[in-house]
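Asker: This is start-v2.cif (mmCIF, C-alpha atoms).
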data_entry
#
loop_
_atom_site.label_atom_id
_atom_site.label_comp_id
_atom_site.auth_asym_id
_atom_site.auth_seq_id
_atom_site.Cartn_x
_atom_site.Cartn_y
_atom_site.Cartn_z
CA MET A 1 17.29 -27.60 -23.60
CA THR A 2 14.43 -25.87 -25.40
CA GLU A 3 14.22 -22.12 -26.05
CA THR A 4 11.58 -21.84 -23.33
CA GLU A 5 13.75 -23.64 -20.79
CA LEU A 6 16.76 -21.50 -21.64
CA MET A 7 14.81 -18.25 -21.40
CA ARG A 8 13.28 -19.30 -18.08
CA HIS A 9 16.79 -19.94 -16.80
CA ALA A 10 17.78 -16.43 -17.90
CA LEU A 11 14.69 -15.03 -16.17
CA ARG A 12 15.62 -16.81 -12.93
CA LEU A 13 19.11 -15.32 -13.17
CA SER A 14 17.61 -11.85 -13.45
CA LEU A 15 15.33 -12.18 -10.43
CA LYS A 16 18.25 -12.80 -8.09
CA TYR A 17 18.92 -9.07 -8.37
CA LYS A 18 15.39 -7.65 -8.23
CA TYR A 19 16.21 -5.65 -5.09
CA THR A 20 19.41 -4.08 -6.40
CA ALA A 21 18.70 -3.56 -10.12
CA LYS A 22 15.57 -1.47 -9.53
CA PRO A 23 14.36 0.95 -10.76
CA ASN A 24 15.88 -0.64 -13.87
CA PRO A 25 14.16 -3.79 -15.12
CA THR A 26 15.64 -7.11 -14.08
CA VAL A 27 17.45 -8.69 -17.04
CA GLY A 28 19.18 -12.04 -17.43
CA ALA A 29 21.33 -13.42 -20.25
CA LEU A 30 23.11 -16.64 -21.15
CA ILE A 31 25.13 -18.12 -24.01
CA TYR A 32 24.29 -21.58 -25.33
CA ASP A 33 26.48 -23.70 -27.59
CA GLY A 34 23.74 -26.11 -28.65
CA SER A 35 24.15 -28.51 -25.75
CA THR A 36 25.47 -26.53 -22.78
CA ILE A 37 25.13 -23.11 -21.18
CA ILE A 38 28.72 -21.85 -21.32
CA ALA A 39 28.24 -18.34 -19.88
CA GLU A 40 25.59 -16.38 -18.04
CA GLY A 41 25.06 -12.99 -16.49
CA ALA A 42 22.49 -10.57 -15.10
CA HIS A 43 22.01 -6.88 -14.49
CA GLU A 44 23.07 -6.92 -10.86
CA LYS A 45 22.95 -3.33 -9.68
CA TYR A 46 21.37 -0.09 -10.83
CA GLY A 47 23.89 1.90 -12.85
CA SER A 48 26.23 -1.06 -13.34
CA LYS A 49 26.92 -3.34 -16.32
CA HIS A 50 23.93 -4.76 -18.16
CA ALA A 51 23.21 -8.48 -18.27
CA GLU A 52 24.57 -8.93 -21.80
CA ILE A 53 27.91 -7.35 -20.87
CA ASN A 54 28.28 -9.50 -17.76
CA CYS A 55 27.46 -12.55 -19.86
CA LEU A 56 30.04 -11.66 -22.53
CA ASP A 57 32.61 -11.02 -19.79
CA ALA A 58 31.90 -14.52 -18.46
CA LEU A 59 32.33 -15.93 -21.97
CA ALA A 60 35.74 -14.27 -22.23
CA GLN A 61 36.83 -16.30 -19.19
CA ASN A 62 35.80 -19.55 -20.89
CA LYS A 63 38.94 -21.50 -21.76
CA SER A 64 37.28 -23.84 -24.28
CA ARG A 65 37.50 -21.22 -27.09
CA PRO A 66 34.14 -22.03 -28.73
CA ASN A 67 33.28 -21.12 -32.32
CA LEU A 68 31.52 -17.80 -31.69
CA SER A 69 29.44 -17.92 -34.87
CA GLU A 70 27.77 -21.12 -33.64
CA LEU A 71 26.75 -19.70 -30.27
CA THR A 72 23.38 -18.22 -29.31
CA LEU A 73 22.89 -15.40 -26.85
CA TYR A 74 19.61 -15.50 -24.92
CA CYS A 75 18.49 -12.34 -23.15
CA THR A 76 15.19 -11.62 -21.45
CA LEU A 77 14.99 -8.03 -22.72
CA GLU A 78 15.96 -6.37 -25.97
CA PRO A 79 19.60 -5.16 -25.80
CA CYS A 80 19.97 -1.40 -25.58
CA ASN A 81 21.36 0.60 -28.49
CA HIS A 82 22.07 3.84 -26.64
CA ALA A 83 24.64 5.12 -24.18
CA GLY A 84 23.09 5.76 -20.78
CA LYS A 85 24.90 4.93 -17.55
CA THR A 86 26.67 2.22 -19.59
CA GLY A 87 27.57 1.79 -23.28
CA PRO A 88 25.28 0.20 -25.90
CA CYS A 89 24.92 -3.56 -25.44
CA THR A 90 24.35 -3.98 -29.18
CA GLU A 91 27.89 -2.81 -29.95
CA ALA A 92 29.37 -5.31 -27.51
CA ILE A 93 27.31 -8.15 -29.00
CA ILE A 94 28.34 -7.25 -32.55
CA LYS A 95 32.00 -7.05 -31.57
CA SER A 96 31.82 -10.42 -29.80
CA GLY A 97 31.24 -12.32 -33.05
CA ILE A 98 28.07 -14.04 -31.87
CA LYS A 99 25.67 -14.45 -34.78
CA ASN A 100 22.47 -15.66 -33.09
CA VAL A 101 20.39 -13.79 -30.53
CA VAL A 102 17.08 -14.82 -28.94
CA ILE A 103 15.20 -12.05 -27.10
CA GLY A 104 12.42 -12.66 -24.60
CA CYS A 105 10.54 -9.42 -25.30
CA ILE A 106 10.97 -6.01 -26.87
CA ASP A 107 11.93 -3.18 -24.53
CA PRO A 108 8.82 -0.94 -24.15
CA ASN A 109 10.97 2.12 -23.40
CA PRO A 110 10.70 4.39 -26.47
CA ILE A 111 14.44 5.12 -26.22
CA VAL A 112 15.13 1.45 -26.92
CA ALA A 113 12.01 -0.15 -28.43
CA GLY A 114 12.97 -1.96 -31.63
CA LYS A 115 16.20 -0.02 -32.11
CA GLY A 116 18.39 -2.70 -30.54
CA ILE A 117 16.87 -5.41 -32.72
CA LYS A 118 17.28 -3.25 -35.83
CA LYS A 119 20.95 -2.60 -35.10
CA LEU A 120 21.69 -6.31 -34.58
CA THR A 121 19.90 -7.44 -37.73
CA GLN A 122 21.57 -4.72 -39.81
CA SER A 123 24.89 -6.12 -38.60
CA GLY A 124 24.11 -9.60 -39.92
CA ILE A 125 22.99 -11.18 -36.65
CA ASN A 126 20.05 -13.60 -36.66
CA VAL A 127 17.49 -12.31 -34.16
CA SER A 128 14.28 -13.93 -32.93
CA VAL A 129 11.89 -12.34 -30.45
CA GLY A 130 9.08 -13.53 -28.20
CA VAL A 131 9.91 -16.31 -25.74
CA ILE A 132 7.93 -16.44 -22.42
CA GLU A 133 7.10 -12.81 -23.09
CA GLU A 134 4.23 -12.58 -20.59
CA GLU A 135 6.28 -14.18 -17.80
CA ILE A 136 9.02 -11.63 -18.36
CA LYS A 137 6.56 -8.72 -18.43
CA THR A 138 4.99 -9.72 -15.11
CA SER A 139 8.42 -10.02 -13.47
CA SER A 140 9.07 -6.26 -13.40
CA LYS A 141 6.87 -3.19 -12.88
CA PHE A 142 9.03 -1.48 -15.54
CA PHE A 143 6.69 -2.95 -18.17
CA PHE A 144 3.57 -1.74 -16.34
CA LYS A 145 4.88 1.82 -16.32
CA HIS A 146 5.52 1.94 -20.06
CA GLU A 147 2.24 0.24 -20.96
CA GLN A 148 0.00 2.17 -18.54
CA LYS A 149 1.96 5.47 -18.73
CA ARG A 150 2.30 5.67 -14.96
CA PRO A 151 3.95 3.69 -12.15
CA PHE A 152 2.33 0.66 -10.53
CA ILE A 153 0.74 1.83 -7.26
CA CYS A 154 0.29 -0.35 -4.18
CA ILE A 155 -1.29 0.95 -0.97
CA LYS A 156 -0.32 -0.64 2.35
CA ILE A 157 -2.42 -0.18 5.48
CA ALA A 158 -2.28 -1.52 9.03
CA THR A 159 -5.78 -1.99 10.41
CA SER A 160 -7.64 -3.38 13.39
CA LYS A 161 -10.32 -6.04 13.06
CA ASP A 162 -12.97 -3.29 13.11
CA GLY A 163 -11.23 -1.34 10.33
CA LYS A 164 -9.58 1.37 12.41
CA SER A 165 -6.45 3.38 11.63
CA HIS A 166 -5.47 5.71 14.48
CA LYS A 167 -6.71 7.79 17.41
CA ASN A 168 -6.28 11.57 17.34
CA TYR A 169 -3.22 11.26 15.05
CA GLN A 170 -1.28 9.59 17.85
CA PHE A 171 1.20 6.86 16.92
CA GLU A 172 0.71 3.33 18.20
CA TRP A 173 1.49 -0.11 16.83
CA ILE A 174 -1.61 -1.96 15.64
CA THR A 175 -0.12 -5.06 14.06
CA SER A 176 2.40 -7.65 15.25
CA GLU A 177 6.17 -7.73 14.88
CA GLY A 178 5.76 -10.40 12.20
CA SER A 179 3.64 -8.10 10.05
CA ARG A 180 6.06 -5.24 10.54
CA ALA A 181 8.93 -7.47 9.39
CA ASP A 182 6.91 -8.43 6.31
CA VAL A 183 6.42 -4.74 5.51
CA GLN A 184 10.19 -4.27 5.41
CA GLU A 185 10.48 -6.85 2.62
CA LEU A 186 7.49 -5.28 0.86
CA ARG A 187 9.22 -1.89 0.90
CA ALA A 188 12.35 -3.43 -0.61
CA GLU A 189 10.39 -4.31 -3.77
CA PHE A 190 9.38 -0.72 -4.60
CA ASP A 191 11.14 2.22 -6.24
CA CYS A 192 9.60 4.81 -3.94
CA ILE A 193 7.43 5.19 -0.85
CA LEU A 194 4.77 7.90 -0.91
CA THR A 195 3.26 9.45 2.21
CA GLY A 196 1.51 12.57 3.48
CA GLY A 197 2.25 15.20 6.08
CA ASN A 198 0.01 13.83 8.84
CA THR A 199 1.84 10.49 8.74
CA VAL A 200 5.27 12.13 8.90
CA ARG A 201 4.21 14.30 11.85
CA ALA A 202 2.32 11.65 13.83
CA ASP A 203 4.44 8.54 13.20
CA ASN A 204 7.92 10.00 12.58
CA PRO A 205 8.58 7.06 10.22
CA ARG A 206 11.93 6.11 8.68
CA MET A 207 10.24 4.54 5.63
CA SER A 208 13.31 2.57 4.66
CA ALA A 209 13.56 -1.14 3.89
CA ARG A 210 15.34 -2.63 6.90
CA VAL A 211 16.12 -6.06 5.50
CA PRO A 212 18.99 -8.57 5.86
CA PHE A 213 19.99 -8.38 2.20
CA ALA A 214 21.31 -5.82 -0.27
CA VAL A 215 18.69 -3.41 -1.59
CA ASN A 216 18.59 -0.21 -3.59
CA GLN A 217 16.60 1.77 -1.03
CA PRO A 218 13.29 3.25 -2.21
CA LYS A 219 13.11 6.99 -2.56
CA ARG A 220 10.87 8.66 0.03
CA ILE A 221 8.31 11.12 -1.38
CA LEU A 222 6.25 13.47 0.78
CA PHE A 223 3.10 14.96 -0.74
CA SER A 224 2.95 18.39 0.92
CA LYS A 225 2.66 22.09 0.19
CA LYS A 226 4.87 22.79 3.21
CA ASN A 227 8.62 23.19 2.69
CA ASN A 228 9.86 24.21 6.14
CA TRP A 229 9.78 20.73 7.70
CA ASN A 230 11.75 19.80 10.78
CA LYS A 231 14.67 18.01 9.14
CA GLU A 232 15.40 16.21 12.42
CA LEU A 233 12.46 13.91 11.72
CA ASN A 234 13.38 10.38 10.64
CA PHE A 235 11.85 10.86 7.19
CA PHE A 236 14.61 13.35 6.33
CA ALA A 237 17.50 11.22 7.67
CA ASN A 238 19.41 11.40 4.37
CA ASP A 239 19.01 13.04 0.96
CA ASN A 240 17.00 10.16 -0.56
CA PHE A 241 13.73 12.08 -0.27
CA GLU A 242 11.66 14.64 -2.14
CA ILE A 243 8.81 16.93 -1.15
CA ILE A 244 6.28 17.32 -3.96
CA ASP A 245 3.72 20.11 -4.01
CA ALA A 246 0.82 19.36 -6.34
CA THR A 247 -2.71 20.69 -6.71
CA ASN A 248 -4.20 17.18 -6.85
CA VAL A 249 -3.20 13.51 -6.81
CA GLY A 250 -3.26 13.34 -10.61
CA GLU A 251 -0.57 16.00 -10.82
CA LEU A 252 1.32 14.27 -8.01
CA ILE A 253 1.44 10.95 -9.87
CA ARG A 254 2.41 12.71 -13.11
CA LYS A 255 5.37 14.37 -11.36
CA ILE A 256 6.50 11.02 -9.97
CA ASN A 257 6.04 9.39 -13.38
CA GLU A 258 8.50 11.88 -14.89
CA GLN A 259 11.22 10.30 -12.75
CA ASP A 260 12.95 6.94 -13.08
CA ILE A 261 10.27 5.32 -10.92
CA SER A 262 8.17 2.32 -11.99
CA SER A 263 6.49 1.40 -8.69
CA ILE A 264 5.06 3.31 -5.73
CA LEU A 265 4.25 1.97 -2.28
CA VAL A 266 1.82 4.26 -0.47
CA GLU A 267 2.03 4.39 3.32
CA ALA A 268 -0.30 7.19 4.32
CA GLY A 269 -3.40 8.01 6.35
CA PRO A 270 -7.06 7.43 5.44
CA ASP A 271 -7.55 10.76 3.62
CA LEU A 272 -4.77 10.31 1.05
CA VAL A 273 -5.42 6.58 0.71
CA SER A 274 -9.13 7.10 -0.01
CA LEU A 275 -8.40 9.91 -2.46
CA LEU A 276 -5.93 7.80 -4.47
CA ILE A 277 -8.41 4.93 -4.67
CA GLU A 278 -11.29 7.21 -5.69
CA GLU A 279 -9.14 8.83 -8.40
CA ASN A 280 -8.16 5.40 -9.77
CA PHE A 281 -4.53 5.60 -8.66
CA CYS A 282 -4.31 2.25 -6.92
CA ASP A 283 -3.65 -1.15 -8.51
CA GLU A 284 -3.21 -3.20 -5.36
CA LEU A 285 -4.06 -2.77 -1.68
CA ILE A 286 -2.40 -4.80 1.06
CA ALA A 287 -4.06 -4.75 4.47
CA TYR A 288 -2.29 -6.10 7.55
CA GLU A 289 -5.18 -6.79 9.91
CA ALA A 290 -4.70 -7.23 13.66
CA GLN A 291 -7.30 -9.40 15.35
CA LYS A 292 -8.26 -6.81 17.94
CA VAL A 293 -11.11 -4.31 18.14
CA LEU A 294 -10.14 -0.69 18.82
CA GLY A 295 -13.57 0.89 19.04
CA ASP A 296 -15.34 4.08 18.00
CA GLU A 297 -12.74 6.47 19.41
CA TYR A 298 -10.46 5.47 16.55
CA THR A 299 -10.66 6.71 12.95
CA ASP A 300 -12.02 4.42 10.23
CA TRP A 301 -9.85 3.61 7.25
CA PHE A 302 -12.99 3.70 5.11
CA GLU A 303 -16.31 5.08 6.34
CA ASP A 304 -18.17 2.88 3.86
CA LYS A 305 -17.53 -0.78 4.69
CA LEU A 306 -18.04 -1.61 0.99
CA PHE A 307 -15.59 1.09 -0.17
CA LEU A 308 -13.11 -1.34 -1.76
CA ASP A 309 -15.88 -3.35 -3.46
CA LYS A 310 -17.47 -0.20 -4.87
CA ASN A 311 -14.12 0.89 -6.28
CA GLY A 312 -13.53 -2.37 -8.12
CA PHE A 313 -11.24 -4.29 -5.76
CA GLN A 314 -11.38 -8.02 -5.16
CA LEU A 315 -9.67 -10.06 -2.47
CA LYS A 316 -7.06 -12.20 -4.21
CA SER A 317 -5.21 -13.78 -1.29
CA ASN A 318 -5.01 -13.85 2.48
CA TYR A 319 -2.81 -15.64 4.96
CA THR A 320 -1.78 -15.39 8.57
CA ILE A 321 1.34 -13.71 9.92
CA GLY A 322 1.49 -14.58 13.59
CA SER A 323 -1.75 -13.27 15.07
CA ASP A 324 -2.47 -11.02 12.06
CA ILE A 325 -4.04 -11.60 8.64
CA LYS A 326 -2.46 -10.20 5.48
CA ARG A 327 -5.09 -9.52 2.81
CA VAL A 328 -4.16 -8.64 -0.77
CA TYR A 329 -6.76 -6.86 -2.92
CA LYS A 330 -6.38 -6.29 -6.67
CA LYS A 331 -8.11 -3.73 -8.88
CA CYS A 332 -10.21 -5.59 -11.43
#
Translate the structure described by the file into structure tokens.
Answerer:
Amino acid sequence: MTETELMRHALRLSLKYKYTAKPNPTVGALIYDGSTIIAEGAHEKYGSKHAEINCLDALAQNKSRPNLSELTLYCTLEPCNHAGKTGPCTEAIIKSGIKNVVIGCIDPNPIVAGKGIKKLTQSGINVSVGVIEEEIKTSSKFFFKHEQKRPFICIKIATSKDGKSHKNYQFEWITSEGSRADVQELRAEFDCILTGGNTVRADNPRMSARVPFAVNQPKRILFSKKNNWNKELNFFANDNFEIIDATNVGELIRKINEQDISSILVEAGPDLVSLLIEENFCDELIAYEAQKVLGDEYTDWFEDKLFLDKNGFQLKSNYTIGSDIKRVYKKC
């Protein structure tokens, strides 16, 4: 197998745990003896062992007793050299006796960046870096956060064919059950869900990812100056929420960015959605469009029908979900 094939295999290992490793980046690792992959591992759950440790643990169970100095460890992300929720991966690699390490890409986190590589090379380990780097970077919003200095922001809306949102702040389903099920899987991909007070009052949403697989549930964030909320509302069902008071959306995003959050899904009303787009705090917009007309009594999502075009968004994909159309717009 080539280096590219081996690293792609490690990347596939990592993505099996994209719902449980977040907000950490997904990481995969494997050990190759020159002809066969003899051990592999991934970062499976936030706060648990890193991919390199799981891979070395798997190697320890290998009964063939390979010559460690002839093995190569492949890992999608630079091994950490600091003690966080777990110990430094570099120390475990050094102690293992493995003398060759291939790294997909450098960790952009300033706590790690370059330090893991330096520690390994200083310990006499041969290190090479840069295999399918762009593929790895696009696999996790962790890289976006460190490169753009803020989380990736996706806005989700449910709309009628004539672009309507709601009537007099009264809750009603607009889209089909199929679209609503798709939203649950969308939520599972994100580190937090951001909303506003009108949505919490009118819709009484749970804003959790109700999916048939394990997921590290997104944190719920309410943008509001009010603190005395009715805690019987679904939004406050457990302690995985935060109310953030900010003078503007820029301050709001900065406060979220200070946390261990790399991606934000916005589920809010037209006012907050439009404001985030106008202030350039939206990278993707997903519209679930029902094929029914609601009429003038309902509120427009955007008063200007060319609002998304004027703010630099282009339609990148669309497909049907039952009777609805899911449209994905990207900021260009």
Asker: May I ask which of the residues A:Val293, A:Ile106, A:Ile286, A:Ile125 is the closest one to His146 (chain A), counting all atoms listed in the file?
Answerer: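 Closest residue, counting all atoms listed in the file: A:Ile106.
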Asker: For this structure, which residues satisfy the selection - the PyMOL selection byres ((chain A and resi 93-100) around 9) - when it is evaluated on the file as given? I want them as a PyMOL selection string.
Answerer: chain A and resi 52-53+56+67-74+79+89-92+101-102+120+123-128
Asker: Go ahead and compute the interatomic distance for CA of Lys22 (chain A) and CA of Asp260 (chain A), in Å to one decimal.
Answerer: 9.5 Å
Asker: What are the nearest atom pairs, with distances in Å to one decimal, for all residues of region 144-242 of chain A that come at most 10 Å from region 276-282 of chain A, using only C-alpha atoms, set out by chain and rising residue number as JSON lines?
Answerer:
{"residue": "A:Arg150", "atom": "CA", "partner": "A:Phe281", "partner_atom": "CA", "distance": 9.3}
{"residue": "A:Pro151", "atom": "CA", "partner": "A:Phe281", "partner_atom": "CA", "distance": 9.4}
{"residue": "A:Phe152", "atom": "CA", "partner": "A:Cys282", "partner_atom": "CA", "distance": 7.7}
{"residue": "A:Ile153", "atom": "CA", "partner": "A:Cys282", "partner_atom": "CA", "distance": 5.1}
{"residue": "A:Cys154", "atom": "CA", "partner": "A:Cys282", "partner_atom": "CA", "distance": 6.0}
{"residue": "A:Ile155", "atom": "CA", "partner": "A:Cys282", "partner_atom": "CA", "distance": 6.8}
Asker: Evaluating the PyMOL selection byres ((chain A and resi 162) around 7) on the displayed file yields which residues, as number ranges by chain?
Answerer: A: 160-161, 163-164, 293-294
Asker: List the neighbours of region 165-182 of chain A out to 8 Å using only C-alpha atoms; skip same-chain residues closer than 4 positions along the sequence, and give me the result as a ChimeraX atom specification.
Answerer: /A:158-160,186,198,202-203,269-270,288-290,297-301,321-324,326
Asker: Using Å and a single decimal, report how far CA of Phe142 (chain A) sits from CA of Leu285 (chain A).
Answerer: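 Spanning CA of Leu285 (chain A) to CA of Phe142 (chain A) is a straight-line distance of 19.1 Å.
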Asker: Can you measure CA of Val200 (chain A) to CA of Ser262 (chain A) for me? One decimal in Å is fine.
Answerer: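 CA of Val200 (chain A) sits 23.3 Å away from CA of Ser262 (chain A).
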Asker: Which residue out of A:Asn318, A:Ser224, A:Ser48, A:Asn248 has the minimum interatomic distance to Gly196 (chain A) when all atoms listed in the file are used?
Answerer: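 Looking only at the distances to Gly196 (chain A), the closest residue turns out to be A:Ser224.
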Asker: Please provide the set of residues having any atom within 10 Å of Phe313 (chain A), restricted to only C-alpha atoms, with same-chain residues fewer than 2 positions apart removed, written as a count of residues only.
Answerer: 18
Asker: Which residue out of A:Trp229, A:Thr121, A:Thr320, A:Ser274 has the minimum interatomic distance to Asp304 (chain A) when all atoms listed in the file are used?
Answerer: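 That would be A:Ser274, the residue with the smallest distance to Asp304 (chain A).
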Asker: Env of Arg206 (chain A): 10 Å cut, atoms = only C-alpha atoms, seq-sep filter 4 positions within chain, self excluded. Answer as an mmCIF file with C-alpha atoms, keeping the file's coordinate frame.
Answerer:
data_model
loop_
_atom_site.group_PDB
_atom_site.id
_atom_site.type_symbol
_atom_site.label_atom_id
_atom_site.label_comp_id
_atom_site.auth_asym_id
_atom_site.auth_seq_id
_atom_site.Cartn_x
_atom_site.Cartn_y
_atom_site.Cartn_z
ATOM 1 C CA VAL A 200 5.270 12.130 8.900
ATOM 2 C CA ARG A 210 15.340 -2.630 6.900
ATOM 3 C CA ARG A 220 10.870 8.660 0.030
ATOM 4 C CA LEU A 233 12.460 13.910 11.720
ATOM 5 C CA ASN A 234 13.380 10.380 10.640
ATOM 6 C CA PHE A 235 11.850 10.860 7.190
ATOM 7 C CA PHE A 236 14.610 13.350 6.330
ATOM 8 C CA ALA A 237 17.500 11.220 7.670
#
Asker: Quick one: apply the PyMOL selection byres ((chain A and resi 36) around 12) to the file and drop the selected residues here as a ChimeraX atom specification.
Answerer: /A:1-2,6,30-35,37-40,66,71-72
Asker: So that I can see what lies close to Lys226 (chain A), please list as a PDB file with C-alpha atoms, keeping the file's coordinate frame the residues with an atom at most 12 Å from it, counting all atoms listed in the file and leaving out residues fewer than 3 positions away in the same chain.
Answerer:
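Heads up, here's the output in part06.pdb:
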ATOM      1  CA  GLY A 196       1.510  12.570   3.480  1.00  0.00           C
ATOM      2  CA  GLY A 197       2.250  15.200   6.080  1.00  0.00           C
ATOM      3  CA  ASN A 198       0.010  13.830   8.840  1.00  0.00           C
ATOM      4  CA  LEU A 222       6.250  13.470   0.780  1.00  0.00           C
ATOM      5  CA  PHE A 223       3.100  14.960  -0.740  1.00  0.00           C
ATOM      6  CA  TRP A 229       9.780  20.730   7.700  1.00  0.00           C
ATOM      7  CA  ASN A 230      11.750  19.800  10.780  1.00  0.00           C
ATOM      8  CA  GLU A 242      11.660  14.640  -2.140  1.00  0.00           C
ATOM      9  CA  ILE A 243       8.810  16.930  -1.150  1.00  0.00           C
ATOM     10  CA  ILE A 244       6.280  17.320  -3.960  1.00  0.00           C
ATOM     11  CA  ASP A 245       3.720  20.110  -4.010  1.00  0.00           C
ATOM     12  CA  ALA A 246       0.820  19.360  -6.340  1.00  0.00           C
TER      13      ALA A 246
END
Asker: In terms of the shortest atom-to-atom distance over all atoms listed in the file, which of A:Gln259, A:Ser139, A:Gln148, A:Asn62 is closest to Gly28 (chain A)?
Answerer: A:Ser139
Asker: Which residue, A:Ser263, A:Thr199, A:Gln122, A:Thr26, has the smallest gap to Glu44 (chain A) when you use only C-alpha atoms?
Answerer: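 Answer, going by the shortest atom-to-atom distance: A:Thr26.
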Asker: Return the single residue from A:Ala113, A:Ala51, A:Leu265, A:Leu275 that is closest to Asp191 (chain A), with distances computed using only C-alpha atoms.
Answerer: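 Going through A:Ala113, A:Ala51, A:Leu265, A:Leu275 one by one, the smallest distance to Asp191 (chain A) is for A:Leu265.
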Asker: For region 281-287 of chain A, supply all heavy atoms and format the output as a PDB file, in the coordinates of the input.
Answerer:
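In the end it all went to result-v7.pdb:
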ATOM      1  N   PHE A 281      -5.981   5.693  -8.739  1.00  0.00           N
ATOM      2  CA  PHE A 281      -4.530   5.600  -8.660  1.00  0.00           C
ATOM      3  C   PHE A 281      -4.108   4.549  -7.637  1.00  0.00           C
ATOM      4  O   PHE A 281      -3.296   4.801  -6.747  1.00  0.00           O
ATOM      5  CB  PHE A 281      -3.907   6.960  -8.320  1.00  0.00           C
ATOM      6  CG  PHE A 281      -4.008   7.968  -9.429  1.00  0.00           C
ATOM      7  CD1 PHE A 281      -4.760   9.121  -9.272  1.00  0.00           C
ATOM      8  CD2 PHE A 281      -3.366   7.759 -10.640  1.00  0.00           C
ATOM      9  CE1 PHE A 281      -4.867  10.051 -10.299  1.00  0.00           C
ATOM     10  CE2 PHE A 281      -3.453   8.683 -11.672  1.00  0.00           C
ATOM     11  CZ  PHE A 281      -4.205   9.837 -11.502  1.00  0.00           C
ATOM     12  N   CYS A 282      -4.699   3.379  -7.764  1.00  0.00           N
ATOM     13  CA  CYS A 282      -4.310   2.250  -6.920  1.00  0.00           C
ATOM     14  C   CYS A 282      -4.568   0.959  -7.699  1.00  0.00           C
ATOM     15  O   CYS A 282      -5.670   0.751  -8.208  1.00  0.00           O
ATOM     16  CB  CYS A 282      -5.098   2.237  -5.610  1.00  0.00           C
ATOM     17  SG  CYS A 282      -4.687   0.830  -4.549  1.00  0.00           S
ATOM     18  N   ASP A 283      -3.546   0.129  -7.794  1.00  0.00           N
ATOM     19  CA  ASP A 283      -3.650  -1.150  -8.510  1.00  0.00           C
ATOM     20  C   ASP A 283      -3.725  -2.339  -7.566  1.00  0.00           C
ATOM     21  O   ASP A 283      -4.220  -3.404  -7.929  1.00  0.00           O
ATOM     22  CB  ASP A 283      -2.440  -1.317  -9.435  1.00  0.00           C
ATOM     23  CG  ASP A 283      -2.279  -0.118 -10.360  1.00  0.00           C
ATOM     24  OD1 ASP A 283      -3.149   0.071 -11.223  1.00  0.00           O
ATOM     25  OD2 ASP A 283      -1.306   0.648 -10.196  1.00  0.00           O
ATOM     26  N   GLU A 284      -3.237  -2.125  -6.345  1.00  0.00           N
ATOM     27  CA  GLU A 284      -3.210  -3.200  -5.360  1.00  0.00           C
ATOM     28  C   GLU A 284      -3.288  -2.565  -3.974  1.00  0.00           C
ATOM     29  O   GLU A 284      -2.704  -1.512  -3.737  1.00  0.00           O
ATOM     30  CB  GLU A 284      -1.928  -4.018  -5.521  1.00  0.00           C
ATOM     31  CG  GLU A 284      -1.751  -5.164  -4.523  1.00  0.00           C
ATOM     32  CD  GLU A 284      -0.451  -5.912  -4.780  1.00  0.00           C
ATOM     33  OE1 GLU A 284       0.621  -5.313  -4.523  1.00  0.00           O
ATOM     34  OE2 GLU A 284      -0.498  -7.059  -5.235  1.00  0.00           O
ATOM     35  N   LEU A 285      -4.016  -3.220  -3.070  1.00  0.00           N
ATOM     36  CA  LEU A 285      -4.060  -2.770  -1.680  1.00  0.00           C
ATOM     37  C   LEU A 285      -3.740  -3.955  -0.785  1.00  0.00           C
ATOM     38  O   LEU A 285      -4.324  -5.021  -0.938  1.00  0.00           O
ATOM     39  CB  LEU A 285      -5.414  -2.171  -1.316  1.00  0.00           C
ATOM     40  CG  LEU A 285      -5.488  -1.592   0.107  1.00  0.00           C
ATOM     41  CD1 LEU A 285      -6.281  -0.287   0.129  1.00  0.00           C
ATOM     42  CD2 LEU A 285      -6.087  -2.583   1.108  1.00  0.00           C
ATOM     43  N   ILE A 286      -2.784  -3.758   0.119  1.00  0.00           N
ATOM     44  CA  ILE A 286      -2.400  -4.800   1.060  1.00  0.00           C
ATOM     45  C   ILE A 286      -2.760  -4.330   2.460  1.00  0.00           C
ATOM     46  O   ILE A 286      -2.295  -3.280   2.911  1.00  0.00           O
ATOM     47  CB  ILE A 286      -0.895  -5.116   0.972  1.00  0.00           C
ATOM     48  CG1 ILE A 286      -0.555  -5.621  -0.432  1.00  0.00           C
ATOM     49  CG2 ILE A 286      -0.495  -6.140   2.031  1.00  0.00           C
ATOM     50  CD1 ILE A 286       0.923  -5.880  -0.657  1.00  0.00           C
ATOM     51  N   ALA A 287      -3.620  -5.095   3.124  1.00  0.00           N
ATOM     52  CA  ALA A 287      -4.060  -4.750   4.470  1.00  0.00           C
ATOM     53  C   ALA A 287      -3.509  -5.768   5.464  1.00  0.00           C
ATOM     54  O   ALA A 287      -3.763  -6.971   5.336  1.00  0.00           O
ATOM     55  CB  ALA A 287      -5.586  -4.715   4.533  1.00  0.00           C
TER      56      ALA A 287
END
